[in-house]
Amino acid sequence: MDVLHGKKRVLILSEGFGAGHTQAAYALAVSLEQHCSTIETRVLELGSFLHPTLAPWIFHAYKKTLISTPKLYGRLYRSQYKKSLNRLTQLALHRIFYAQTAAIIQNWSPQAIVCTHPFPSVVVSRLKRAGLTIPLCTVITDYDVHGTWVSNEVNKYMVSTEDVKNKLLGRGISATQVEITGIPVHPSFREAHDKAMIRQQFQLASMPTVLVMGGGWGLIGGDSLSEHLMKWRDRIQFIFCLGNNEKALAKLAMDARYQHPNIHLLGFTQEIGKLMEVSDLLVTKPGGMTCSEGLAKSIPMLFYDPIPGQEEENVHYFTQHGFGEPIRSADTIASWLTMLAIRYTDVEAKRASNYHRKMNLPSADCSEVIMQLLG
């Protein structure tokens with residue numbers, strides 16, 4: 001307990017391999033502090049914090065591998081699917097992180113540690129084997145569970161679905177260690193916003209609207225996807241969110257096809273929840289966080305270019321439960337955009353159906369799980 005402030009501290013550790021892990025960390029931090037005024041949180045991307053020069057090179061190499069050789073990444077993901085990190089990787093993490101992470105924990109004295117990426121979870125698990133007694137929660141930020149997440153030292157897993165829970169049980173984790181909470185999204189995604197004010201803020205028209213997202217890296221689909229969407233720009237409004245990809249944003253801004261009053265190009269924004277509120281369809285990379293945010297807003301989703309491995313599993317889950325579908329051909333896009341332009345009430349009915357279906361999904365509250373561990 002922080003004697004001076006009378007607060008309990010929660011240290012939330014993430015990594016910069018894609019934006020979703022850290023978004024989940026900050027969403028959880030906000031939720032915890034809203035739930036309880038006596039909780040203080042601190043969010044760290046462990047690699048970036050401890051090694052600010054080295055980390056960007058590692059993240060760049062990871063991103064380049066995913067973009068240039070996704071099939072290779074998929075093979076590696078599947079070959080290691082049921083395995084924990086190999087000894088060489090564990091040794092590297094030991095050399096790079098363990099001593100400094102132990103010092104951070106000792107200096108800040110948290111009453112609980114939460115990890116939203118497997119690497120810090122592995123680091124803290126090893127510290128617990130060496131005698132650390134602070135409770136460890138691990139939030140699995142996809143709709144699948146790779147072997148790198150699994151450790152007996154985790155006191156509580158927070159997972160997206162019953163299926164993920166069962167996979168953990170099959171790998172020797174006790175049922176008492178797992179809570180189905182869903183992936184934490186910022187509390188603002190559960191709020192209703194005034195659509196007229198949002199349209200005024202972003203200079204949007206009141207018309208059928210499609211939100212196109214490429215995740216934090218702004219990986220908007222190739223020319224084929226763009227060509228199919230642009231055919232409808234006179235009848236449907238498009239919002240393209242390019243995340244931190246300033247190069248892609250500048251390229252689209254120079255493209256004559258996108259210079260149209262019904263097309264809006266945005267870079268990084270913290271107001272995706274508002275944009276989902278005024279949009280009728282989400283066309284997106286199927287990252288775990290983006291899909292969870294879309295689920296919170298009940299918006300129908302179309303998925304393109306899933307990364308082999310976890311994103312394919314995300315597509316499978318959301319398709320199986322009727323919240324979205326993969327773009328298998330131009331016909332998928334044409335079907336939805338025709339519905340938007342001609343049978344708009346059908347799209348509204350689909351969103352209403354998504355809302356009722358999501359309300360029936362099993363889900364605890366991430367914040368409450370952590371507060372129970374804090375006592």
# chains A, B, ... in the order shown; residues from 1 in each chain; ligands from 1
call {"tool": "residues_around", "arguments": {"residues": "region 312-317 of chain A", "least_positions_apart": "3", "cutoff": "8 Å", "atoms": "only C-alpha atoms", "output": "PyMOL selection string"}}
result
chain A and resi 142-144+286-288+291+303+306-309+320-321+324-326
call {"tool": "residues_around", "arguments": {"residues": "Ser160 (chain A)", "least_positions_apart": "4", "cutoff": "8 Å", "atoms": "only C-alpha atoms", "output": "JSON, numbers by chain"}}
result
{"A": [140, 141, 142, 143, 164, 180, 181, 182, 183]}
call {"tool": "write_last_selection", "arguments": {"atoms": "C-alpha atoms", "output": "short mmCIF file (atom, residue, chain, number, x, y, z; two decimals), in the first residue's frame"}}
result
data_model
loop_
_atom_site.label_atom_id
_atom_site.label_comp_id
_atom_site.auth_asym_id
_atom_site.auth_seq_id
_atom_site.Cartn_x
_atom_site.Cartn_y
_atom_site.Cartn_z
CA ILE A 140 -4.44 -12.42 -23.85
CA THR A 141 -5.17 -9.83 -26.53
CA ASP A 142 -6.37 -12.13 -29.32
CA TYR A 143 -9.04 -14.75 -29.88
CA VAL A 164 -9.42 -19.57 -25.39
CA ILE A 180 -13.47 -14.79 -19.50
CA THR A 181 -13.48 -10.99 -19.62
CA GLY A 182 -13.21 -10.09 -23.28
CA ILE A 183 -10.31 -7.93 -24.44
#
call {"tool": "atom_distance", "arguments": {"atom1": "CA of Met254 (chain A)", "atom2": "CA of Pro208 (chain A)"}}
result
24.7 Å
call {"tool": "closest_residue", "arguments": {"among": "A:Ile333, A:Ala296, A:Leu373, A:Val114", "to": "Arg357 (chain A)", "atoms": "only C-alpha atoms"}}
result
A:Ala296
call {"tool": "select_by_dssp", "arguments": {"residues": "region 82-246 of chain A", "states": "strand (DSSP E)", "output": "list in words"}}
result
Ala112, Ile113, Val114, Cys115, Leu136, Cys137, Thr138, Val139, Lys156, Tyr157, Met158, Val159, Val178, Glu179, Ile180, Thr209, Val210, Leu211, Val212, Met213, Gln237, Phe238, Ile239, Phe240 and Cys241 of chain A
call {"tool": "write_last_selection", "arguments": {"atoms": "N, CA and C atoms", "output": "mmCIF file, in the first residue's frame"}}
result
data_model
loop_
_atom_site.group_PDB
_atom_site.id
_atom_site.type_symbol
_atom_site.label_atom_id
_atom_site.label_comp_id
_atom_site.auth_asym_id
_atom_site.auth_seq_id
_atom_site.Cartn_x
_atom_site.Cartn_y
_atom_site.Cartn_z
ATOM 1 N N ALA A 112 0.009 -5.263 -7.767
ATOM 2 C CA ALA A 112 -0.331 -6.245 -8.809
ATOM 3 C C ALA A 112 0.369 -5.834 -10.092
ATOM 4 N N ILE A 113 0.693 -6.835 -10.914
ATOM 5 C CA ILE A 113 1.307 -6.600 -12.224
ATOM 6 C C ILE A 113 0.406 -7.228 -13.271
ATOM 7 N N VAL A 114 0.123 -6.465 -14.326
ATOM 8 C CA VAL A 114 -0.705 -6.957 -15.427
ATOM 9 C C VAL A 114 0.129 -6.885 -16.712
ATOM 10 N N CYS A 115 0.117 -7.955 -17.500
ATOM 11 C CA CYS A 115 0.843 -7.977 -18.765
ATOM 12 C C CYS A 115 -0.134 -8.164 -19.923
ATOM 13 N N LEU A 136 0.332 -11.742 -10.504
ATOM 14 C CA LEU A 136 0.519 -11.466 -11.930
ATOM 15 C C LEU A 136 -0.748 -11.824 -12.698
ATOM 16 N N CYS A 137 -1.300 -10.844 -13.433
ATOM 17 C CA CYS A 137 -2.413 -11.079 -14.351
ATOM 18 C C CYS A 137 -1.894 -10.959 -15.776
ATOM 19 N N THR A 138 -2.357 -11.822 -16.649
ATOM 20 C CA THR A 138 -1.978 -11.740 -18.055
ATOM 21 C C THR A 138 -3.236 -11.663 -18.905
ATOM 22 N N VAL A 139 -3.320 -10.609 -19.732
ATOM 23 C CA VAL A 139 -4.458 -10.394 -20.618
ATOM 24 C C VAL A 139 -4.072 -10.875 -22.014
ATOM 25 N N LYS A 156 -3.674 -15.075 -12.673
ATOM 26 C CA LYS A 156 -4.979 -14.975 -13.314
ATOM 27 C C LYS A 156 -4.815 -14.600 -14.785
ATOM 28 N N TYR A 157 -5.404 -15.430 -15.639
ATOM 29 C CA TYR A 157 -5.496 -15.104 -17.062
ATOM 30 C C TYR A 157 -6.842 -14.444 -17.326
ATOM 31 N N MET A 158 -6.826 -13.385 -18.121
ATOM 32 C CA MET A 158 -8.062 -12.783 -18.603
ATOM 33 C C MET A 158 -8.110 -12.991 -20.110
ATOM 34 N N VAL A 159 -9.155 -13.682 -20.572
ATOM 35 C CA VAL A 159 -9.194 -14.125 -21.962
ATOM 36 C C VAL A 159 -10.474 -13.658 -22.643
ATOM 37 N N VAL A 178 -8.346 -18.751 -14.730
ATOM 38 C CA VAL A 178 -8.803 -18.156 -15.991
ATOM 39 C C VAL A 178 -10.168 -17.499 -15.817
ATOM 40 N N GLU A 179 -10.283 -16.254 -16.282
ATOM 41 C CA GLU A 179 -11.549 -15.535 -16.302
ATOM 42 C C GLU A 179 -11.834 -15.080 -17.734
ATOM 43 N N ILE A 180 -13.066 -15.295 -18.192
ATOM 44 C CA ILE A 180 -13.472 -14.794 -19.505
ATOM 45 C C ILE A 180 -13.954 -13.359 -19.313
ATOM 46 N N THR A 209 -22.046 5.349 -44.428
ATOM 47 C CA THR A 209 -20.620 5.613 -44.193
ATOM 48 C C THR A 209 -19.869 4.319 -43.909
ATOM 49 N N VAL A 210 -18.692 4.188 -44.521
ATOM 50 C CA VAL A 210 -17.803 3.046 -44.307
ATOM 51 C C VAL A 210 -16.502 3.554 -43.686
ATOM 52 N N LEU A 211 -16.103 2.937 -42.583
ATOM 53 C CA LEU A 211 -14.834 3.241 -41.923
ATOM 54 C C LEU A 211 -13.818 2.173 -42.329
ATOM 55 N N VAL A 212 -12.696 2.602 -42.902
ATOM 56 C CA VAL A 212 -11.645 1.681 -43.354
ATOM 57 C C VAL A 212 -10.431 1.876 -42.459
ATOM 58 N N MET A 213 -10.002 0.802 -41.786
ATOM 59 C CA MET A 213 -8.899 0.901 -40.835
ATOM 60 C C MET A 213 -7.810 -0.118 -41.154
ATOM 61 N N GLN A 237 -20.086 7.400 -48.197
ATOM 62 C CA GLN A 237 -18.987 8.160 -47.604
ATOM 63 C C GLN A 237 -17.946 7.203 -47.024
ATOM 64 N N PHE A 238 -16.659 7.491 -47.253
ATOM 65 C CA PHE A 238 -15.575 6.631 -46.765
ATOM 66 C C PHE A 238 -14.649 7.435 -45.857
ATOM 67 N N ILE A 239 -14.322 6.833 -44.710
ATOM 68 C CA ILE A 239 -13.334 7.406 -43.793
ATOM 69 C C ILE A 239 -12.163 6.427 -43.739
ATOM 70 N N PHE A 240 -10.989 6.870 -44.150
ATOM 71 C CA PHE A 240 -9.792 6.030 -44.097
ATOM 72 C C PHE A 240 -8.931 6.465 -42.921
ATOM 73 N N CYS A 241 -8.654 5.529 -42.006
ATOM 74 C CA CYS A 241 -7.781 5.797 -40.861
ATOM 75 C C CYS A 241 -6.444 5.094 -41.083
#
call {"tool": "closest_residue", "arguments": {"among": "A:Ala130, A:Leu169, A:Leu275, A:Val124", "to": "Gln200 (chain A)", "atoms": "only C-alpha atoms"}}
result
A:Leu275
call {"tool": "atom_distance", "arguments": {"atom1": "CA of Gly243 (chain A)", "atom2": "CA of Ser298 (chain A)"}}
result
21.5 Å
call {"tool": "select_by_dssp", "arguments": {"residues": "region 75-280 of chain A", "states": "helix (DSSP H, G or I)", "output": "JSON, numbers by chain"}}
result
{"A": [75, 76, 77, 78, 79, 87, 88, 89, 90, 91, 92, 93, 94, 95, 96, 97, 98, 99, 100, 101, 102, 103, 104, 105, 106, 107, 108, 118, 119, 120, 121, 122, 123, 124, 125, 126, 127, 128, 129, 147, 148, 149, 162, 163, 164, 165, 166, 167, 168, 169, 170, 175, 176, 177, 187, 188, 189, 190, 195, 196, 197, 198, 199, 200, 201, 202, 223, 224, 225, 226, 227, 228, 229, 230, 246, 247, 248, 249, 250, 251, 252, 253, 254, 256, 257, 258, 272, 273, 274, 275, 276, 277, 278]}
call {"tool": "closest_residue", "arguments": {"among": "A:Thr338, A:Ser48, A:Thr22, A:Gln372", "to": "Leu229 (chain A)", "atoms": "only C-alpha atoms"}}
result
A:Thr338
call {"tool": "closest_residue", "arguments": {"among": "A:His186, A:Lys128, A:Arg257, A:His21", "to": "Gln270 (chain A)", "atoms": "only C-alpha atoms"}}
result
A:His186
